[in-house]
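Here is the file final10.csv (CSV, C-alpha atoms and all ligand atoms).
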```
chain,number,residue,atom,x,y,z
C,1,ASN,CA,-55.0,-66.8,105.0
C,2,LYS,CA,-57.8,-68.3,107.1
C,3,ILE,CA,-59.9,-69.6,104.2
C,4,GLY,CA,-59.1,-71.5,101.1
C,5,VAL,CA,-60.8,-72.4,97.9
C,6,ILE,CA,-61.2,-75.7,96.1
C,7,PHE,CA,-62.1,-75.7,92.4
C,8,ASP,CA,-63.7,-78.4,90.4
C,9,LEU,CA,-62.2,-78.4,86.8
C,10,ASP,CA,-64.7,-79.7,84.2
C,11,GLY,CA,-67.6,-77.2,83.9
C,12,VAL,CA,-66.1,-74.7,86.3
C,13,ILE,CA,-62.7,-73.6,85.0
C,14,VAL,CA,-63.1,-75.1,81.5
C,15,ASP,CA,-66.0,-76.5,79.5
C,16,THR,CA,-64.7,-80.0,78.8
C,17,ALA,CA,-68.2,-81.5,79.4
C,18,LYS,CA,-68.8,-81.0,75.7
C,19,TYR,CA,-65.8,-83.2,74.8
C,20,HIS,CA,-66.7,-85.9,77.3
C,21,PHE,CA,-70.2,-85.8,75.7
C,22,LEU,CA,-68.8,-86.2,72.2
C,23,ALA,CA,-66.5,-89.1,73.2
C,24,TRP,CA,-69.2,-90.9,75.1
C,25,LYS,CA,-71.7,-90.3,72.3
C,26,ASN,CA,-69.2,-91.9,69.8
C,27,LEU,CA,-69.1,-95.0,72.0
C,28,ALA,CA,-72.9,-95.1,72.2
C,29,ASP,CA,-73.1,-94.8,68.4
C,30,GLU,CA,-70.7,-97.7,68.1
C,31,LEU,CA,-72.9,-99.8,70.5
C,32,GLY,CA,-76.0,-98.8,68.6
C,33,PHE,CA,-78.1,-96.6,71.0
C,34,GLU,CA,-78.9,-93.0,71.5
C,35,PHE,CA,-77.1,-90.9,74.0
C,36,THR,CA,-78.4,-87.4,74.6
C,37,GLU,CA,-77.2,-84.2,76.4
C,38,ALA,CA,-79.7,-85.0,79.1
C,39,HIS,CA,-78.1,-88.4,79.6
C,40,ASN,CA,-74.7,-86.6,79.8
C,41,GLU,CA,-75.9,-84.6,82.9
C,42,LEU,CA,-75.8,-87.9,84.8
C,43,LEU,CA,-72.1,-88.3,84.0
C,44,LYS,CA,-70.9,-84.9,85.2
C,45,GLY,CA,-68.6,-85.1,88.2
C,46,VAL,CA,-68.7,-88.9,88.0
C,47,SER,CA,-65.5,-91.0,87.6
C,48,ARG,CA,-64.6,-92.5,84.2
C,49,VAL,CA,-65.4,-96.1,85.3
C,50,ARG,CA,-68.8,-95.1,86.8
C,51,SER,CA,-69.6,-93.0,83.7
C,52,LEU,CA,-69.2,-96.1,81.5
C,53,GLU,CA,-71.5,-98.1,83.9
C,54,ILE,CA,-74.2,-95.4,83.7
C,55,LEU,CA,-73.8,-95.2,79.9
C,56,LEU,CA,-74.2,-99.0,79.5
C,57,ASP,CA,-77.3,-98.9,81.8
C,58,ILE,CA,-78.8,-96.3,79.5
C,59,GLY,CA,-78.2,-98.5,76.5
C,60,ASN,CA,-79.3,-101.6,78.4
C,61,ILE,CA,-76.1,-103.3,77.5
C,62,ASN,CA,-74.2,-105.9,79.4
C,63,LEU,CA,-70.5,-106.3,78.7
C,64,PRO,CA,-67.7,-108.6,80.1
C,65,GLU,CA,-65.1,-106.8,82.1
C,66,SER,CA,-62.4,-107.1,79.4
C,67,LYS,CA,-64.6,-105.3,76.9
C,68,LYS,CA,-65.4,-102.6,79.4
C,69,GLN,CA,-61.6,-102.0,79.9
C,70,GLU,CA,-61.2,-101.7,76.2
C,71,TYR,CA,-64.0,-99.1,75.9
C,72,LEU,CA,-62.6,-97.1,78.8
C,73,VAL,CA,-59.3,-96.9,76.9
C,74,SER,CA,-60.8,-96.0,73.6
C,75,LYS,CA,-63.2,-93.4,75.0
C,76,ASN,CA,-60.2,-91.7,76.7
C,77,GLU,CA,-58.2,-91.8,73.5
C,78,ASP,CA,-61.1,-90.2,71.7
C,79,TYR,CA,-61.4,-87.6,74.5
C,80,LEU,CA,-57.7,-86.8,74.4
C,81,ASN,CA,-58.0,-86.0,70.7
C,82,TYR,CA,-60.2,-83.0,71.7
C,83,ILE,CA,-58.2,-82.1,74.8
C,84,THR,CA,-54.9,-81.9,73.1
C,85,LYS,CA,-56.3,-79.2,70.8
C,86,MET,CA,-57.4,-77.0,73.7
C,87,GLY,CA,-55.9,-73.7,74.5
C,88,PRO,CA,-56.2,-70.8,77.0
C,89,GLU,CA,-59.1,-69.4,75.0
C,90,GLU,CA,-61.2,-72.2,76.4
C,91,ILE,CA,-60.9,-71.1,80.0
C,92,LEU,CA,-64.5,-70.2,81.0
C,93,PRO,CA,-65.5,-66.5,81.4
C,94,GLY,CA,-64.7,-65.1,84.8
C,95,ALA,CA,-62.3,-67.9,85.9
C,96,GLU,CA,-59.0,-66.0,85.5
C,97,LYS,CA,-60.5,-62.9,87.0
C,98,LEU,CA,-61.6,-64.9,90.0
C,99,LEU,CA,-58.1,-66.4,90.4
C,100,ASP,CA,-56.5,-63.0,90.1
C,101,ASN,CA,-58.9,-61.7,92.8
C,102,LEU,CA,-57.9,-64.6,95.1
C,103,ASP,CA,-54.2,-64.0,94.5
C,104,LYS,CA,-54.8,-60.3,95.4
C,105,LEU,CA,-56.5,-61.3,98.6
C,106,GLY,CA,-53.8,-63.9,99.4
C,107,ILE,CA,-56.4,-66.7,99.5
C,108,LYS,CA,-54.9,-70.0,98.3
C,109,TYR,CA,-56.7,-72.4,96.0
C,110,VAL,CA,-56.3,-76.0,94.9
C,111,LEU,CA,-58.0,-78.2,92.3
C,112,GLY,CA,-60.4,-80.9,93.4
C,113,SER,CA,-61.4,-82.9,90.3
C,114,ALA,CA,-62.4,-86.5,89.5
C,115,SER,CA,-60.6,-86.3,86.2
C,116,LYS,CA,-57.3,-88.2,85.7
C,117,ASN,CA,-56.6,-85.8,82.8
C,118,SER,CA,-56.7,-82.7,85.1
C,119,PRO,CA,-52.9,-81.9,84.9
C,120,LEU,CA,-52.9,-82.2,81.1
C,121,ILE,CA,-56.0,-80.0,80.8
C,122,LEU,CA,-54.5,-77.3,83.1
C,123,LYS,CA,-51.3,-77.4,81.2
C,124,GLN,CA,-53.2,-77.0,77.9
C,125,VAL,CA,-54.9,-73.8,79.2
C,126,ASN,CA,-51.7,-72.5,80.9
C,127,LEU,CA,-53.1,-72.7,84.4
C,128,LEU,CA,-51.1,-75.6,85.9
C,129,ASP,CA,-48.7,-73.4,87.9
C,130,ARG,CA,-51.4,-71.2,89.5
C,131,PHE,CA,-52.8,-73.8,91.9
C,132,GLU,CA,-51.4,-74.5,95.3
C,133,GLY,CA,-52.0,-78.2,94.7
C,134,ILE,CA,-53.8,-80.6,92.5
C,135,VAL,CA,-56.2,-83.3,93.7
C,136,ASP,CA,-57.4,-85.3,90.8
C,137,GLY,CA,-58.8,-88.7,89.8
C,138,ASN,CA,-55.3,-90.2,90.3
C,139,SER,CA,-55.2,-89.4,93.9
C,140,VAL,CA,-58.6,-90.5,95.2
C,141,ASN,CA,-60.1,-93.9,95.9
C,142,LYS,CA,-63.7,-92.8,96.4
C,143,ALA,CA,-65.4,-90.7,93.7
C,144,LYS,CA,-67.8,-87.8,94.4
C,145,PRO,CA,-70.3,-87.6,96.0
C,146,ASP,CA,-67.8,-89.0,98.5
C,147,PRO,CA,-66.1,-86.1,100.1
C,148,GLU,CA,-62.6,-87.6,99.9
C,149,VAL,CA,-61.3,-85.5,97.0
C,150,PHE,CA,-62.2,-82.2,98.9
C,151,LEU,CA,-60.9,-83.5,102.2
C,152,ILE,CA,-57.5,-84.1,100.6
C,153,GLY,CA,-57.8,-80.6,99.1
C,154,ALA,CA,-58.3,-79.1,102.6
C,155,LYS,CA,-55.2,-80.9,103.8
C,156,LYS,CA,-53.2,-79.5,100.9
C,157,LEU,CA,-54.5,-76.0,101.9
C,158,ASN,CA,-53.6,-76.8,105.5
C,159,LEU,CA,-57.1,-75.8,106.5
C,160,LYS,CA,-60.0,-77.3,108.4
C,161,PRO,CA,-62.9,-78.3,106.0
C,162,GLU,CA,-65.1,-75.6,107.5
C,163,LYS,CA,-62.7,-73.0,106.2
C,164,CYS,CA,-62.9,-74.3,102.6
C,165,ILE,CA,-65.1,-73.0,99.8
C,166,VAL,CA,-65.9,-75.3,96.9
C,167,PHE,CA,-66.9,-74.3,93.4
C,168,GLU,CA,-68.8,-77.1,91.6
C,169,ASP,CA,-71.0,-77.6,88.6
C,170,ALA,CA,-72.2,-81.1,89.3
C,171,ILE,CA,-74.8,-82.5,91.7
C,172,ALA,CA,-72.4,-85.1,92.9
C,173,GLY,CA,-69.8,-82.4,93.6
C,174,ILE,CA,-72.1,-80.2,95.6
C,175,GLU,CA,-73.1,-83.3,97.7
C,176,ALA,CA,-69.4,-84.1,98.2
C,177,ALA,CA,-68.7,-80.5,99.4
C,178,ASN,CA,-71.7,-80.5,101.7
C,179,ARG,CA,-70.7,-83.9,103.2
C,180,ALA,CA,-67.1,-82.6,103.7
C,181,ASN,CA,-68.7,-79.7,105.8
C,182,MET,CA,-67.5,-77.1,103.4
C,183,THR,CA,-69.2,-74.1,101.9
C,184,SER,CA,-70.6,-75.1,98.5
C,185,ILE,CA,-71.0,-72.8,95.5
C,186,GLY,CA,-73.1,-74.2,92.6
C,187,ILE,CA,-72.0,-72.9,89.2
C,188,GLY,CA,-74.8,-73.5,86.7
C,189,ASN,CA,-78.5,-74.2,86.9
C,190,LYS,CA,-79.9,-73.1,90.3
C,191,GLU,CA,-82.7,-75.7,90.3
C,192,THR,CA,-80.3,-78.6,89.4
C,193,LEU,CA,-77.8,-77.5,92.1
C,194,ASN,CA,-80.3,-76.5,94.8
C,195,ALA,CA,-78.3,-78.3,97.5
C,196,ALA,CA,-75.5,-75.6,97.2
C,197,ASN,CA,-75.0,-72.9,99.8
C,198,TYR,CA,-74.7,-70.3,97.1
C,199,ASN,CA,-75.7,-70.3,93.4
C,200,PHE,CA,-74.4,-68.5,90.4
C,201,ASN,CA,-75.1,-69.2,86.7
C,202,ASN,CA,-71.4,-68.7,85.9
C,203,LEU,CA,-68.2,-67.3,87.4
C,204,THR,CA,-68.7,-63.8,85.9
C,205,GLU,CA,-71.7,-63.4,88.3
C,206,ILE,CA,-69.6,-63.7,91.4
C,207,PRO,CA,-69.4,-60.2,93.0
C,208,GLU,CA,-65.9,-58.7,93.3
C,209,ASN,CA,-66.3,-58.4,97.1
C,210,PHE,CA,-67.7,-61.9,97.6
C,211,PHE,CA,-64.8,-63.2,99.7
C,212,GLU,CA,-64.5,-60.1,101.8
C,213,LYS,CA,-68.2,-60.3,102.6
C,214,PHE,CA,-67.9,-64.0,103.2
C,215,LEU,CA,-65.1,-63.4,105.7
C,216,SER,CA,-66.9,-60.7,107.6
C,217,LYS,CA,-70.2,-62.6,107.6
C,218,ASN,CA,-68.5,-65.6,109.2
C,219,ASN,CA,-66.4,-63.5,111.6
C,220,ILE,CA,-63.2,-64.7,110.1
I,301,LIG,C1,-65.0,-85.0,85.8
I,301,LIG,C2,-66.1,-84.9,84.7
I,301,LIG,C3,-66.6,-86.2,84.5
I,301,LIG,C4,-65.6,-87.2,84.1
I,301,LIG,C5,-64.6,-87.3,85.2
I,301,LIG,C6,-63.4,-88.3,84.9
I,301,LIG,O1,-65.5,-85.1,87.0
I,301,LIG,O2,-67.1,-84.0,85.2
I,301,LIG,O3,-67.6,-86.1,83.4
I,301,LIG,O4,-66.1,-88.5,83.8
I,301,LIG,O5,-64.0,-86.0,85.5
I,301,LIG,O6,-62.6,-87.7,83.9
I,301,LIG,P1,-61.4,-88.4,83.1
I,301,LIG,O7,-60.8,-87.3,82.4
I,301,LIG,O8,-60.5,-89.0,84.2
I,301,LIG,O9,-62.0,-89.4,82.3
I,302,MG,MG,-67.5,-80.5,87.0
```

Represent the structure contained in this file as structure tokens.
Amino acid sequence: NKIGVIFDLDGVIVDTAKYHFLAWKNLADELGFEFTEAHNELLKGVSRVRSLEILLDIGNINLPESKKQEYLVSKNEDYLNYITKMGPEEILPGAEKLLDNLDKLGIKYVLGSASKNSPLILKQVNLLDRFEGIVDGNSVNKAKPDPEVFLIGAKKLNLKPEKCIVFEDAIAGIEAANRANMTSIGIGNKETLNAANYNFNNLTEIPENFFEKFLSKNNI
């Protein structure tokens, strides 16, 4: 096909943001400061290392590098305790229908996520085999809002960036898609994601004929 789709994982396909939140909150508790859901917004789409830096800034805490490494490991162990209990029932509403629709149209899709745990999460929810390729936190050097993750995704799809549509729930992700010269679709709060080309509250709101319309509108 002439277009392709790149999906973010956390907050688009599955709601793992709540588990990241719990794991980071546990760490903040241990360090003795409050970490709220509003704080957690700042961590969405952001790499693990950068997330810790933001968290420590919120708590006004300075740590030696060795201690940071320790906390990165313990946070992830904590997070994995939640992830390994996940199942297909945690796929967000509308996601499977959307993938079915893309299959029907012969439009290929890849994953473009900052998470190093992406393959494990996709396996837990039985979606690993459906993607044409996986670009995750293990394969990129520069985190979103850098467009690298999506540009590698376009290569996997064998398409020019202009022919790629990105589904994202994070501000940093929408910025990355826009910088990659792709069509960005914000999933979540419209005001928060106002830099996106299209906005939907969730995947169930995407019209059945969205891609057909997109193709004809762009003369593809
Ligand atoms: C996603 C999430 C972030 C998370 C990042 C790294 O982008 O939205 O909240 O920090 O992945 O995830 P990881 O599973 O590698 O710690
Ligand atoms: Mg996300």

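Atom CA of Glu175 of chain C lies 24.2 Å from atom CA of Leu102 of chain C.
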
Mind giving me the straight-line distance from atom CA of Leu42 of chain C to atom CA of Pro119 of chain C in Å, one decimal?
23.7 Å

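Neighbouring residues of ligand LIG 301 (chain I) at a cut-off of 7 Å, counting all atoms listed in the file, are Asp10, Gly11, Ala17, His20, Leu43, Lys44, Gly45, Val46, Ser47, Arg48, Ser51, Asn76, Ser113, Ala114, Ser115, Lys116, Asn117, Ser118 and Gly137 of chain C.
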
Limited to C-alpha atoms, could you put the picked residues into a file as an mmCIF file, in the frame of the given file?
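Here's the written file selection.cif:
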```cif
data_model
loop_
_atom_site.group_PDB
_atom_site.id
_atom_site.type_symbol
_atom_site.label_atom_id
_atom_site.label_comp_id
_atom_site.auth_asym_id
_atom_site.auth_seq_id
_atom_site.Cartn_x
_atom_site.Cartn_y
_atom_site.Cartn_z
ATOM 1 C CA ASP C 10 -64.700 -79.700 84.200
ATOM 2 C CA GLY C 11 -67.600 -77.200 83.900
ATOM 3 C CA ALA C 17 -68.200 -81.500 79.400
ATOM 4 C CA HIS C 20 -66.700 -85.900 77.300
ATOM 5 C CA LEU C 43 -72.100 -88.300 84.000
ATOM 6 C CA LYS C 44 -70.900 -84.900 85.200
ATOM 7 C CA GLY C 45 -68.600 -85.100 88.200
ATOM 8 C CA VAL C 46 -68.700 -88.900 88.000
ATOM 9 C CA SER C 47 -65.500 -91.000 87.600
ATOM 10 C CA ARG C 48 -64.600 -92.500 84.200
ATOM 11 C CA SER C 51 -69.600 -93.000 83.700
ATOM 12 C CA ASN C 76 -60.200 -91.700 76.700
ATOM 13 C CA SER C 113 -61.400 -82.900 90.300
ATOM 14 C CA ALA C 114 -62.400 -86.500 89.500
ATOM 15 C CA SER C 115 -60.600 -86.300 86.200
ATOM 16 C CA LYS C 116 -57.300 -88.200 85.700
ATOM 17 C CA ASN C 117 -56.600 -85.800 82.800
ATOM 18 C CA SER C 118 -56.700 -82.700 85.100
ATOM 19 C CA GLY C 137 -58.800 -88.700 89.800
#
```

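By chain and then residue number, the residues within 10 Å of Val135 of chain C are Ile6, Phe7, Asp8, Val110, Leu111, Gly112, Ser113, Ala114, Ser115, Lys116, Ser118, Pro119, Gly133, Gly137, Asn138, Ser139, Val140, Glu148, Val149, Phe150, Leu151, Ile152, Gly153 and Lys156 of chain C, counting only C-alpha atoms and disregarding those fewer than 2 positions away in sequence.
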
For the selection you just gave me, I'd like the residues written to a file as an mmCIF file, in the frame of the given file, keeping C-alpha atoms.
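Just written: again-v6.cif:
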```
data_model
loop_
_atom_site.group_PDB
_atom_site.id
_atom_site.type_symbol
_atom_site.label_atom_id
_atom_site.label_comp_id
_atom_site.auth_asym_id
_atom_site.auth_seq_id
_atom_site.Cartn_x
_atom_site.Cartn_y
_atom_site.Cartn_z
ATOM 1 C CA ILE C 6 -61.200 -75.700 96.100
ATOM 2 C CA PHE C 7 -62.100 -75.700 92.400
ATOM 3 C CA ASP C 8 -63.700 -78.400 90.400
ATOM 4 C CA VAL C 110 -56.300 -76.000 94.900
ATOM 5 C CA LEU C 111 -58.000 -78.200 92.300
ATOM 6 C CA GLY C 112 -60.400 -80.900 93.400
ATOM 7 C CA SER C 113 -61.400 -82.900 90.300
ATOM 8 C CA ALA C 114 -62.400 -86.500 89.500
ATOM 9 C CA SER C 115 -60.600 -86.300 86.200
ATOM 10 C CA LYS C 116 -57.300 -88.200 85.700
ATOM 11 C CA SER C 118 -56.700 -82.700 85.100
ATOM 12 C CA PRO C 119 -52.900 -81.900 84.900
ATOM 13 C CA GLY C 133 -52.000 -78.200 94.700
ATOM 14 C CA GLY C 137 -58.800 -88.700 89.800
ATOM 15 C CA ASN C 138 -55.300 -90.200 90.300
ATOM 16 C CA SER C 139 -55.200 -89.400 93.900
ATOM 17 C CA VAL C 140 -58.600 -90.500 95.200
ATOM 18 C CA GLU C 148 -62.600 -87.600 99.900
ATOM 19 C CA VAL C 149 -61.300 -85.500 97.000
ATOM 20 C CA PHE C 150 -62.200 -82.200 98.900
ATOM 21 C CA LEU C 151 -60.900 -83.500 102.200
ATOM 22 C CA ILE C 152 -57.500 -84.100 100.600
ATOM 23 C CA GLY C 153 -57.800 -80.600 99.100
ATOM 24 C CA LYS C 156 -53.200 -79.500 100.900
#
```

Report as a PyMOL selection string all protein, DNA and RNA residues lying within 12 Å of Asn81 of chain C, evaluated on only C-alpha atoms, omitting residues in the same chain fewer than 3 positions from it.
chain C and resi 19-20+22-23+74-78+84-86+121

If you count all atoms listed in the file, which residues fall within 12 Å of Asn158 of chain C, apart from same-chain ones fewer than 3 positions away, as a PyMOL selection string?
chain C and resi 1-5+108-110+132-133+151-155+161-164

Taking C-alpha atoms for each residue, export the selection above as a compact mmCIF listing (two decimals), in the coordinates of the input.
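Output file again_36.txt follows:
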```
# COMPACT_ATOMS: atom_id res chain seq x y z
CA ASN C 1 -55.00 -66.80 105.00
CA LYS C 2 -57.80 -68.30 107.10
CA ILE C 3 -59.90 -69.60 104.20
CA GLY C 4 -59.10 -71.50 101.10
CA VAL C 5 -60.80 -72.40 97.90
CA LYS C 108 -54.90 -70.00 98.30
CA TYR C 109 -56.70 -72.40 96.00
CA VAL C 110 -56.30 -76.00 94.90
CA GLU C 132 -51.40 -74.50 95.30
CA GLY C 133 -52.00 -78.20 94.70
CA LEU C 151 -60.90 -83.50 102.20
CA ILE C 152 -57.50 -84.10 100.60
CA GLY C 153 -57.80 -80.60 99.10
CA ALA C 154 -58.30 -79.10 102.60
CA LYS C 155 -55.20 -80.90 103.80
CA PRO C 161 -62.90 -78.30 106.00
CA GLU C 162 -65.10 -75.60 107.50
CA LYS C 163 -62.70 -73.00 106.20
CA CYS C 164 -62.90 -74.30 102.60
```

Do a neighbour search on segment 54-58 of chain C at 10 Å with only C-alpha atoms, toss out local chain neighbours closer than 5 positions, and write the hits as an MDAnalysis selection string.
chainID C and resid 24:25 27:28 31 33:35 39:40 42:43 46 49 63 68

Nearby residues (all atoms listed in the file) at most 9 Å from Leu203 of chain C, same-chain spacing under 5 positions excluded, as a ChimeraX atom specification:
/C:12-13,92-95,97-98,187

Can those selected residues be exported to a file as a compact mmCIF listing (two decimals), in the coordinates of the input so that it contains C-alpha atoms?
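Written file, out31.txt:
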```txt
# COMPACT_ATOMS: atom_id res chain seq x y z
CA VAL C 12 -66.10 -74.70 86.30
CA ILE C 13 -62.70 -73.60 85.00
CA LEU C 92 -64.50 -70.20 81.00
CA PRO C 93 -65.50 -66.50 81.40
CA GLY C 94 -64.70 -65.10 84.80
CA ALA C 95 -62.30 -67.90 85.90
CA LYS C 97 -60.50 -62.90 87.00
CA LEU C 98 -61.60 -64.90 90.00
CA ILE C 187 -72.00 -72.90 89.20
```

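Picture a line from atom CA of Glu168 of chain C to atom MG of ligand MG 302 (chain I); it runs 5.9 Å.
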